[in-house]
$ cat run-v5.pdb   # PDB, C-alpha atoms
ATOM      1  CA  GLN A1053      85.678  -3.248  29.925
ATOM      2  CA  GLU A1054      88.273  -3.530  27.163
ATOM      3  CA  ALA A1055      91.758  -4.573  28.142
ATOM      4  CA  ALA A1056      94.636  -2.187  27.528
ATOM      5  CA  PRO A1057      96.476  -3.146  24.356
ATOM      6  CA  GLU A1058      99.691  -5.147  24.550
ATOM      7  CA  GLY A1059     103.009  -3.706  23.469
ATOM      8  CA  GLY A1060     105.689  -1.524  24.927
ATOM      9  CA  SER A1061     106.825  -1.746  28.543
ATOM     10  CA  GLY A1062     105.120  -0.158  31.501
ATOM     11  CA  ARG A1063     102.252   2.271  31.455
ATOM     12  CA  PHE A1064     103.797   4.654  28.963
ATOM     13  CA  GLY A1065     104.485   1.824  26.535
ATOM     14  CA  ARG A1066     100.923   0.523  26.791
ATOM     15  CA  LEU A1067      99.489   3.989  26.314
ATOM     16  CA  TRP A1068     101.745   4.740  23.341
ATOM     17  CA  SER A1069     100.689   1.492  21.653
ATOM     18  CA  ASN A1070      97.017   2.479  22.004
ATOM     19  CA  LYS A1071      96.235   4.526  18.895
ATOM     20  CA  LEU A1072      92.879   5.752  20.198
ATOM     21  CA  TYR A1073      94.634   7.248  23.205
ATOM     22  CA  ARG A1074      97.676   8.522  21.300
ATOM     23  CA  TYR A1075      95.576  10.217  18.644
ATOM     24  CA  GLY A1076      93.276  11.478  21.396
ATOM     25  CA  VAL A1077      96.110  13.403  23.019
ATOM     26  CA  ALA A1078      96.875  14.982  19.641
ATOM     27  CA  ALA A1079      93.187  15.796  19.099
ATOM     28  CA  GLN A1080      93.031  17.436  22.525
ATOM     29  CA  PHE A1081      96.134  19.462  21.668
ATOM     30  CA  PHE A1082      94.479  20.817  18.533
ATOM     31  CA  ASN A1083      91.102  21.293  20.224
ATOM     32  CA  VAL A1084      92.603  23.534  22.915
ATOM     33  CA  ALA A1085      94.656  25.264  20.224
ATOM     34  CA  ALA A1086      91.527  26.045  18.191
ATOM     35  CA  GLN A1087      89.745  27.297  21.303
ATOM     36  CA  THR A1088      92.561  29.613  22.334
ATOM     37  CA  CYS A1089      93.111  30.864  18.780
ATOM     38  CA  THR A1090      89.432  31.681  18.345
ATOM     39  CA  TRP A1091      89.014  33.562  21.597
ATOM     40  CA  THR A1092      92.362  35.329  21.348
ATOM     41  CA  TYR A1093      91.688  36.801  17.908
ATOM     42  CA  THR A1094      87.924  37.418  17.928
ATOM     43  CA  ILE A1095      88.416  41.037  18.971
ATOM     44  CA  ILE A1096      91.103  41.601  16.347
ATOM     45  CA  TYR A1097      88.865  40.087  13.652
ATOM     46  CA  ALA A1098      85.949  42.284  14.708
ATOM     47  CA  GLN A1099      88.056  45.438  14.557
ATOM     48  CA  ASP A1100      90.270  44.740  11.545
ATOM     49  CA  VAL A1101      87.832  42.933   9.253
ATOM     50  CA  VAL A1102      84.416  44.290  10.223
ATOM     51  CA  GLY A1103      85.534  47.649  11.580
ATOM     52  CA  THR A1104      83.791  47.568  14.947
ATOM     53  CA  SER A1105      84.845  49.737  17.850
ATOM     54  CA  PRO A1106      86.996  48.173  20.580
ATOM     55  CA  GLU A1107      83.991  48.217  22.916
ATOM     56  CA  ALA A1108      81.749  46.462  20.412
ATOM     57  CA  ALA A1109      84.476  43.936  19.643
ATOM     58  CA  GLY A1110      84.634  43.092  23.330
ATOM     59  CA  TRP A1111      80.908  42.392  23.354
ATOM     60  CA  TRP A1112      81.320  40.020  20.412
ATOM     61  CA  LEU A1113      83.880  38.082  22.434
ATOM     62  CA  GLN A1114      81.537  38.016  25.413
ATOM     63  CA  GLY A1115      78.828  36.654  23.134
ATOM     64  CA  SER A1116      81.212  33.944  21.987
ATOM     65  CA  LEU A1117      81.911  32.870  25.557
ATOM     66  CA  LEU A1118      78.214  32.910  26.441
ATOM     67  CA  LEU A1119      77.428  30.776  23.404
ATOM     68  CA  PHE A1120      80.108  28.314  24.513
ATOM     69  CA  LEU A1121      78.473  28.048  27.939
ATOM     70  CA  VAL A1122      74.947  27.547  26.617
ATOM     71  CA  ALA A1123      76.085  25.097  23.955
ATOM     72  CA  ARG A1124      77.955  23.036  26.572
ATOM     73  CA  PHE A1125      74.675  22.361  28.402
ATOM     74  CA  VAL A1126      72.884  21.611  25.146
ATOM     75  CA  MET A1127      75.615  19.186  24.089
ATOM     76  CA  VAL A1128      75.399  17.310  27.399
ATOM     77  CA  PHE A1129      71.763  16.615  26.560
ATOM     78  CA  VAL A1130      72.501  15.682  22.938
ATOM     79  CA  LEU A1131      75.301  13.320  24.006
ATOM     80  CA  GLY A1132      72.632  11.254  25.741
ATOM     81  CA  ILE A1133      71.069  10.639  22.326
ATOM     82  CA  VAL A1134      73.913  10.755  19.800
ATOM     83  CA  ARG A1135      77.119   8.727  19.943
ATOM     84  CA  PRO A1136      80.010  10.937  21.129
ATOM     85  CA  ALA A1137      82.254  10.264  18.113
ATOM     86  CA  VAL A1138      79.434  11.109  15.701
ATOM     87  CA  LEU A1139      78.614  14.365  17.471
ATOM     88  CA  LEU A1140      82.306  15.248  17.703
ATOM     89  CA  LEU A1141      82.684  14.725  13.951
ATOM     90  CA  ILE A1142      79.620  16.828  13.150
ATOM     91  CA  MET A1143      80.604  19.710  15.405
ATOM     92  CA  ALA A1144      84.249  19.677  14.304
ATOM     93  CA  LEU A1145      83.173  19.926  10.665
ATOM     94  CA  PHE A1146      80.744  22.681  11.629
ATOM     95  CA  GLY A1147      83.641  24.510  13.237
ATOM     96  CA  VAL A1148      85.733  24.123  10.078
ATOM     97  CA  GLY A1149      82.826  25.568   8.096
ATOM     98  CA  CYS A1150      82.609  28.547  10.456
ATOM     99  CA  CYS A1151      86.344  29.199  10.105
ATOM    100  CA  LEU A1152      86.171  29.082   6.322
ATOM    101  CA  THR A1153      83.155  31.401   6.343
ATOM    102  CA  SER A1154      85.085  33.902   8.443
ATOM    103  CA  ILE A1155      87.895  33.823   5.855
ATOM    104  CA  LEU A1156      85.700  34.138   2.778
ATOM    105  CA  VAL A1157      82.881  36.422   3.974
ATOM    106  CA  LEU A1158      84.489  39.602   5.225
ATOM    107  CA  ASN A1159      81.545  41.295   6.894
ATOM    108  CA  ILE A1160      79.211  40.822   9.850
ATOM    109  CA  ILE A1161      78.390  37.299   8.634
ATOM    110  CA  GLY A1162      82.050  36.384   8.951
ATOM    111  CA  LEU A1163      82.115  37.770  12.490
ATOM    112  CA  ILE A1164      79.018  35.760  13.423
ATOM    113  CA  ALA A1165      80.794  32.699  12.046
ATOM    114  CA  VAL A1166      83.768  33.421  14.316
ATOM    115  CA  VAL A1167      81.418  33.586  17.300
ATOM    116  CA  CYS A1168      79.730  30.326  16.247
ATOM    117  CA  ILE A1169      83.039  28.462  16.372
ATOM    118  CA  SER A1170      82.495  28.468  20.137
ATOM    119  CA  ALA A1171      79.403  26.296  19.718
ATOM    120  CA  ALA A1172      81.513  23.730  17.886
ATOM    121  CA  LEU A1173      84.164  23.831  20.611
ATOM    122  CA  SER A1174      81.733  23.467  23.498
ATOM    123  CA  LEU A1175      81.630  19.665  23.674
ATOM    124  CA  MET A1176      85.155  18.841  22.564
ATOM    125  CA  PHE A1177      87.344  18.750  25.672
ATOM    126  CA  PRO A1178      85.236  16.324  27.754
ATOM    127  CA  THR A1179      84.243  14.261  24.705
ATOM    128  CA  ILE A1180      87.811  13.732  23.487
ATOM    129  CA  TYR A1181      88.864  13.047  27.077
ATOM    130  CA  GLY A1182      86.303  10.281  27.466
ATOM    131  CA  MET A1183      86.972   8.745  24.057
ATOM    132  CA  ALA A1184      90.741   8.650  24.548
ATOM    133  CA  LEU A1185      90.524   6.994  27.983
ATOM    134  CA  LYS A1186      88.053   4.333  26.891
ATOM    135  CA  GLY A1187      89.232   0.855  27.787
ATOM    136  CA  LEU A1188      92.458   1.908  29.505
ATOM    137  CA  GLY A1189      91.596   0.268  32.804
ATOM    138  CA  ASP A1190      94.221   0.940  35.472
ATOM    139  CA  ASP A1191      96.202   3.086  33.023
ATOM    140  CA  ALA A1192      93.413   5.676  32.808
ATOM    141  CA  LYS A1193      94.704   7.792  35.710
ATOM    142  CA  PHE A1194      98.170   7.999  34.208
ATOM    143  CA  GLY A1195      96.730   8.546  30.738
ATOM    144  CA  SER A1196      94.599  11.450  31.916
ATOM    145  CA  ALA A1197      97.786  13.376  32.644
ATOM    146  CA  GLY A1198      98.726  13.310  28.970
ATOM    147  CA  LEU A1199      95.328  14.650  28.002
ATOM    148  CA  VAL A1200      95.641  17.484  30.500
ATOM    149  CA  MET A1201      99.145  18.306  29.266
ATOM    150  CA  ALA A1202      97.692  18.605  25.760
ATOM    151  CA  ILE A1203      96.534  22.099  26.736
ATOM    152  CA  LEU A1204     100.019  23.066  25.593
ATOM    153  CA  GLY A1205      98.387  23.509  22.193
ATOM    154  CA  GLY A1206      96.733  26.628  23.550
ATOM    155  CA  ALA A1207     100.136  28.152  24.219
ATOM    156  CA  LEU A1208     101.890  27.228  20.981
ATOM    157  CA  ILE A1209      99.423  27.386  18.092
ATOM    158  CA  PRO A1210      98.142  30.952  18.676
ATOM    159  CA  MET A1211     101.668  32.111  17.853
ATOM    160  CA  VAL A1212     101.332  30.342  14.505
ATOM    161  CA  GLN A1213      98.040  32.127  13.865
ATOM    162  CA  ALA A1214      99.601  35.454  14.821
ATOM    163  CA  ARG A1215     102.324  34.891  12.241
ATOM    164  CA  VAL A1216      99.787  34.006   9.549
ATOM    165  CA  MET A1217      97.770  37.118  10.401
ATOM    166  CA  ASP A1218     100.885  39.290  10.156
ATOM    167  CA  VAL A1219     101.635  37.917   6.710
ATOM    168  CA  ALA A1220      98.194  37.374   5.185
ATOM    169  CA  GLY A1221      95.688  39.346   7.259
ATOM    170  CA  SER A1222      93.375  38.877  10.229
ATOM    171  CA  ALA A1223      90.755  36.895   8.313
ATOM    172  CA  VAL A1224      93.158  34.432   6.693
ATOM    173  CA  GLY A1225      94.594  33.711  10.127
ATOM    174  CA  PHE A1226      91.484  31.675  10.880
ATOM    175  CA  ILE A1227      92.818  28.979   8.582
ATOM    176  CA  VAL A1228      94.831  27.892  11.633
ATOM    177  CA  PRO A1229      91.838  26.929  13.831
ATOM    178  CA  ALA A1230      90.230  25.457  10.697
ATOM    179  CA  VAL A1231      93.150  23.049  10.329
ATOM    180  CA  CYS A1232      93.044  22.267  14.057
ATOM    181  CA  LEU A1233      89.340  21.431  13.927
ATOM    182  CA  ALA A1234      89.831  19.356  10.784
ATOM    183  CA  LEU A1235      92.324  17.234  12.733
ATOM    184  CA  VAL A1236      89.783  16.825  15.543
ATOM    185  CA  ALA A1237      87.275  15.684  12.920
ATOM    186  CA  ALA A1238      89.835  13.180  11.653
ATOM    187  CA  TYR A1239      90.131  11.749  15.176
ATOM    188  CA  ALA A1240      86.370  11.311  15.423
ATOM    189  CA  ALA A1241      86.328   9.654  11.988
ATOM    190  CA  TYR A1242      89.154   7.330  13.059
ATOM    191  CA  ASP A1243      87.157   6.178  16.082
ATOM    192  CA  LEU A1244      84.068   5.572  13.947
ATOM    193  CA  LEU A1245      86.034   3.584  11.356
ATOM    194  CA  ARG A1246      87.827   1.584  14.056
ATOM    195  CA  THR A1247      84.655   0.561  15.838
ATOM    196  CA  GLY A1248      82.972  -0.150  12.506
ATOM    197  CA  LYS A1249      85.710  -2.622  11.605
ATOM    198  CA  GLU A1250      85.496  -4.260  15.011
ATOM    199  CA  ALA A1251      81.745  -4.707  14.628
ATOM    200  CA  SER A1252      82.010  -6.268  11.145
TER     201      SER A1252
END
$ encode --input "run-v5.pdb" --output "structure tokens"
Amino acid sequence: QEAAPEGGSGRFGRLWSNKLYRYGVAAQFFNVAAQTCTWTYTIIYAQDVVGTSPEAAGWWLQGSLLLFLVARFVMVFVLGIVRPAVLLLIMALFGVGCCLTSILVLNIIGLIAVVCISAALSLMFPTIYGMALKGLGDDAKFGSAGLVMAILGGALIPMVQARVMDVAGSAVGFIVPAVCLALVAAYAAYDLLRTGKEAS
């Protein structure tokens, strides 16, 4: 097991000096933000952009949640084959693509793309959690608290999306989860580059 990096004083200092952990907390913040933004505004997108009824919009949200559940089980299987950071990068970029599709294609295809964001989100929380705590040793229990507190992103960022939607429209608002998922992708890329340098 890797030793916790030196630097700082006490557990907080050691954790803060560990970039993989520090960036992991930020990635978890933006992951939860993207999840909350997507599920909060799926119904509004369905009604405002595609013109569905409120009842139909609700079913689209239910489909999104069901897809998240099914994809979570699928991703558990795939994680046994593919390295977590690689899969996280792929799915985060897929999520960005879905967000951009929902902005640019203002019809049923855009709505399907909104629903498919849930597939991208399905593996992120446990995967980021495991990556960020890697090698922390005795500091892992304390460090896990920071990762749990990162759910604050789900409370703050949806307000940003709401403001964007008020100004630019319901579809353009999905640029907010796109940016969040891009930052998650950057975290996965950082881990891959870091381990690549260590191996060379």
$ resolve_selection --input "run-v5.pdb" --expression "the PyMOL selection byres ((chain A and resi 1117) around 12)" --output "PyMOL selection string"
chain A and resi 1087-1088+1090-1092+1094+1110-1116+1118-1124+1166-1174
$ resolve_selection --input "run-v5.pdb" --expression "the PyMOL selection byres ((chain A and resi 1205-1216) around 9)" --output "list in words"
Gln1080, Phe1081, Phe1082, Asn1083, Val1084, Ala1085, Ala1086, Gln1087, Thr1088, Cys1089, Thr1090, Thr1092, Tyr1093, Met1201, Ala1202, Ile1203, Leu1204, Met1217, Asp1218, Val1219, Ala1220, Gly1221, Ser1222, Val1224, Gly1225, Phe1226, Ile1227, Val1228 and Pro1229 of chain A
$ resolve_selection --input "run-v5.pdb" --expression "the PyMOL selection byres ((chain A and resi 1148) around 8)" --output "ChimeraX atom specification"
/A:1144-1147,1149-1152,1229-1231,1233-1234
$ atom_distance --input "run-v5.pdb" --atom1 "atom CA of A:Leu1235" --atom2 "atom CA of A:Gly1198"
17.9 Å
$ atom_distance --input "run-v5.pdb" --atom1 "atom CA of A:Ser1154" --atom2 "atom CA of A:Ala1223"
6.4 Å
$ residues_around --input "run-v5.pdb" --residues "stretch 1185-1190 of chain A" --least-positions-apart "3" --cutoff "12 Å" --atoms "all atoms listed in the file" --output "PyMOL selection string"
chain A and resi 1053-1058+1062-1064+1066-1077+1136+1178-1182+1193-1200+1243
$ write_last_selection --input "run-v5.pdb" --atoms "C-alpha atoms" --output "mmCIF file, in the frame of the given file"
data_model
loop_
_atom_site.group_PDB
_atom_site.id
_atom_site.type_symbol
_atom_site.label_atom_id
_atom_site.label_comp_id
_atom_site.auth_asym_id
_atom_site.auth_seq_id
_atom_site.Cartn_x
_atom_site.Cartn_y
_atom_site.Cartn_z
ATOM 1 C CA GLN A 1053 85.678 -3.248 29.925
ATOM 2 C CA GLU A 1054 88.273 -3.530 27.163
ATOM 3 C CA ALA A 1055 91.758 -4.573 28.142
ATOM 4 C CA ALA A 1056 94.636 -2.187 27.528
ATOM 5 C CA PRO A 1057 96.476 -3.146 24.356
ATOM 6 C CA GLU A 1058 99.691 -5.147 24.550
ATOM 7 C CA GLY A 1062 105.120 -0.158 31.501
ATOM 8 C CA ARG A 1063 102.252 2.271 31.455
ATOM 9 C CA PHE A 1064 103.797 4.654 28.963
ATOM 10 C CA ARG A 1066 100.923 0.523 26.791
ATOM 11 C CA LEU A 1067 99.489 3.989 26.314
ATOM 12 C CA TRP A 1068 101.745 4.740 23.341
ATOM 13 C CA SER A 1069 100.689 1.492 21.653
ATOM 14 C CA ASN A 1070 97.017 2.479 22.004
ATOM 15 C CA LYS A 1071 96.235 4.526 18.895
ATOM 16 C CA LEU A 1072 92.879 5.752 20.198
ATOM 17 C CA TYR A 1073 94.634 7.248 23.205
ATOM 18 C CA ARG A 1074 97.676 8.522 21.300
ATOM 19 C CA TYR A 1075 95.576 10.217 18.644
ATOM 20 C CA GLY A 1076 93.276 11.478 21.396
ATOM 21 C CA VAL A 1077 96.110 13.403 23.019
ATOM 22 C CA PRO A 1136 80.010 10.937 21.129
ATOM 23 C CA PRO A 1178 85.236 16.324 27.754
ATOM 24 C CA THR A 1179 84.243 14.261 24.705
ATOM 25 C CA ILE A 1180 87.811 13.732 23.487
ATOM 26 C CA TYR A 1181 88.864 13.047 27.077
ATOM 27 C CA GLY A 1182 86.303 10.281 27.466
ATOM 28 C CA LYS A 1193 94.704 7.792 35.710
ATOM 29 C CA PHE A 1194 98.170 7.999 34.208
ATOM 30 C CA GLY A 1195 96.730 8.546 30.738
ATOM 31 C CA SER A 1196 94.599 11.450 31.916
ATOM 32 C CA ALA A 1197 97.786 13.376 32.644
ATOM 33 C CA GLY A 1198 98.726 13.310 28.970
ATOM 34 C CA LEU A 1199 95.328 14.650 28.002
ATOM 35 C CA VAL A 1200 95.641 17.484 30.500
ATOM 36 C CA ASP A 1243 87.157 6.178 16.082
#
$ atom_distance --input "run-v5.pdb" --atom1 "atom CA of A:Leu1158" --atom2 "atom CA of A:Val1101"
6.2 Å
$ residues_near_point --input "run-v5.pdb" --point "(85.3, 8.9, 17.3)" --cutoff "7 Å" --atoms "all atoms listed in the file" --output "JSON, numbers by chain"
{"A": [1136, 1137, 1138, 1183, 1239, 1240, 1241, 1242, 1243, 1244]}
$ closest_residue --input "run-v5.pdb" --among "A:Leu1163, A:Met1143, A:Leu1175, A:Ile1095" --to "A:Phe1129" --atoms "only C-alpha atoms"
A:Leu1175
$ decode --input "run-v5.pdb" --residues "stretch 1109-1129 of chain A" --atoms "N, CA, C and O atoms" --output "PDB file, in the first residue's frame"
ATOM      1  N   ALA A1109     -43.334  14.065 -19.350  1.00  0.00           N
ATOM      2  CA  ALA A1109     -42.032  14.524 -18.863  1.00  0.00           C
ATOM      3  C   ALA A1109     -41.616  13.754 -17.620  1.00  0.00           C
ATOM      4  O   ALA A1109     -40.436  13.409 -17.450  1.00  0.00           O
ATOM      5  N   GLY A1110     -42.585  13.474 -16.759  1.00  0.00           N
ATOM      6  CA  GLY A1110     -42.294  12.685 -15.565  1.00  0.00           C
ATOM      7  C   GLY A1110     -41.811  11.295 -15.905  1.00  0.00           C
ATOM      8  O   GLY A1110     -40.907  10.760 -15.248  1.00  0.00           O
ATOM      9  N   TRP A1111     -42.392  10.698 -16.944  1.00  0.00           N
ATOM     10  CA  TRP A1111     -41.949   9.364 -17.362  1.00  0.00           C
ATOM     11  C   TRP A1111     -40.541   9.389 -17.923  1.00  0.00           C
ATOM     12  O   TRP A1111     -39.772   8.449 -17.746  1.00  0.00           O
ATOM     13  N   TRP A1112     -40.169  10.474 -18.593  1.00  0.00           N
ATOM     14  CA  TRP A1112     -38.794  10.605 -19.081  1.00  0.00           C
ATOM     15  C   TRP A1112     -37.813  10.645 -17.909  1.00  0.00           C
ATOM     16  O   TRP A1112     -36.727  10.042 -17.972  1.00  0.00           O
ATOM     17  N   LEU A1113     -38.178  11.333 -16.848  1.00  0.00           N
ATOM     18  CA  LEU A1113     -37.324  11.359 -15.666  1.00  0.00           C
ATOM     19  C   LEU A1113     -37.236   9.970 -15.034  1.00  0.00           C
ATOM     20  O   LEU A1113     -36.151   9.537 -14.628  1.00  0.00           O
ATOM     21  N   GLN A1114     -38.356   9.280 -14.966  1.00  0.00           N
ATOM     22  CA  GLN A1114     -38.332   7.921 -14.428  1.00  0.00           C
ATOM     23  C   GLN A1114     -37.422   7.022 -15.257  1.00  0.00           C
ATOM     24  O   GLN A1114     -36.677   6.192 -14.714  1.00  0.00           O
ATOM     25  N   GLY A1115     -37.475   7.200 -16.575  1.00  0.00           N
ATOM     26  CA  GLY A1115     -36.597   6.426 -17.452  1.00  0.00           C
ATOM     27  C   GLY A1115     -35.127   6.727 -17.182  1.00  0.00           C
ATOM     28  O   GLY A1115     -34.272   5.832 -17.218  1.00  0.00           O
ATOM     29  N   SER A1116     -34.841   7.988 -16.901  1.00  0.00           N
ATOM     30  CA  SER A1116     -33.478   8.391 -16.583  1.00  0.00           C
ATOM     31  C   SER A1116     -32.975   7.700 -15.316  1.00  0.00           C
ATOM     32  O   SER A1116     -31.845   7.195 -15.271  1.00  0.00           O
ATOM     33  N   LEU A1117     -33.824   7.653 -14.308  1.00  0.00           N
ATOM     34  CA  LEU A1117     -33.440   7.015 -13.048  1.00  0.00           C
ATOM     35  C   LEU A1117     -33.283   5.507 -13.212  1.00  0.00           C
ATOM     36  O   LEU A1117     -32.385   4.886 -12.627  1.00  0.00           O
ATOM     37  N   LEU A1118     -34.154   4.907 -14.011  1.00  0.00           N
ATOM     38  CA  LEU A1118     -34.051   3.468 -14.274  1.00  0.00           C
ATOM     39  C   LEU A1118     -32.769   3.153 -15.035  1.00  0.00           C
ATOM     40  O   LEU A1118     -32.080   2.164 -14.738  1.00  0.00           O
ATOM     41  N   LEU A1119     -32.438   3.985 -16.008  1.00  0.00           N
ATOM     42  CA  LEU A1119     -31.196   3.794 -16.752  1.00  0.00           C
ATOM     43  C   LEU A1119     -29.991   3.890 -15.826  1.00  0.00           C
ATOM     44  O   LEU A1119     -29.038   3.111 -15.941  1.00  0.00           O
ATOM     45  N   PHE A1120     -30.028   4.834 -14.893  1.00  0.00           N
ATOM     46  CA  PHE A1120     -28.948   4.974 -13.918  1.00  0.00           C
ATOM     47  C   PHE A1120     -28.781   3.680 -13.127  1.00  0.00           C
ATOM     48  O   PHE A1120     -27.649   3.204 -12.924  1.00  0.00           O
ATOM     49  N   LEU A1121     -29.884   3.103 -12.688  1.00  0.00           N
ATOM     50  CA  LEU A1121     -29.836   1.874 -11.898  1.00  0.00           C
ATOM     51  C   LEU A1121     -29.250   0.714 -12.700  1.00  0.00           C
ATOM     52  O   LEU A1121     -28.348  -0.001 -12.233  1.00  0.00           O
ATOM     53  N   VAL A1122     -29.748   0.526 -13.904  1.00  0.00           N
ATOM     54  CA  VAL A1122     -29.271  -0.582 -14.741  1.00  0.00           C
ATOM     55  C   VAL A1122     -27.800  -0.391 -15.085  1.00  0.00           C
ATOM     56  O   VAL A1122     -26.988  -1.327 -15.006  1.00  0.00           O
ATOM     57  N   ALA A1123     -27.441   0.843 -15.461  1.00  0.00           N
ATOM     58  CA  ALA A1123     -26.061   1.121 -15.830  1.00  0.00           C
ATOM     59  C   ALA A1123     -25.110   0.913 -14.663  1.00  0.00           C
ATOM     60  O   ALA A1123     -23.963   0.507 -14.862  1.00  0.00           O
ATOM     61  N   ARG A1124     -25.560   1.190 -13.436  1.00  0.00           N
ATOM     62  CA  ARG A1124     -24.707   0.975 -12.262  1.00  0.00           C
ATOM     63  C   ARG A1124     -24.277  -0.491 -12.175  1.00  0.00           C
ATOM     64  O   ARG A1124     -23.103  -0.796 -11.938  1.00  0.00           O
ATOM     65  N   PHE A1125     -25.215  -1.416 -12.385  1.00  0.00           N
ATOM     66  CA  PHE A1125     -24.877  -2.836 -12.340  1.00  0.00           C
ATOM     67  C   PHE A1125     -23.955  -3.215 -13.499  1.00  0.00           C
ATOM     68  O   PHE A1125     -23.020  -4.001 -13.326  1.00  0.00           O
ATOM     69  N   VAL A1126     -24.219  -2.666 -14.656  1.00  0.00           N
ATOM     70  CA  VAL A1126     -23.361  -2.945 -15.812  1.00  0.00           C
ATOM     71  C   VAL A1126     -21.943  -2.446 -15.553  1.00  0.00           C
ATOM     72  O   VAL A1126     -20.958  -3.140 -15.844  1.00  0.00           O
ATOM     73  N   MET A1127     -21.823  -1.257 -14.992  1.00  0.00           N
ATOM     74  CA  MET A1127     -20.511  -0.666 -14.746  1.00  0.00           C
ATOM     75  C   MET A1127     -19.721  -1.441 -13.703  1.00  0.00           C
ATOM     76  O   MET A1127     -18.493  -1.520 -13.781  1.00  0.00           O
ATOM     77  N   VAL A1128     -20.399  -2.026 -12.718  1.00  0.00           N
ATOM     78  CA  VAL A1128     -19.712  -2.870 -11.742  1.00  0.00           C
ATOM     79  C   VAL A1128     -19.024  -4.029 -12.448  1.00  0.00           C
ATOM     80  O   VAL A1128     -17.878  -4.383 -12.134  1.00  0.00           O
ATOM     81  N   PHE A1129     -19.703  -4.605 -13.431  1.00  0.00           N
ATOM     82  CA  PHE A1129     -19.112  -5.696 -14.204  1.00  0.00           C
ATOM     83  C   PHE A1129     -17.946  -5.194 -15.048  1.00  0.00           C
ATOM     84  O   PHE A1129     -16.867  -5.798 -15.068  1.00  0.00           O
TER      85      PHE A1129
END
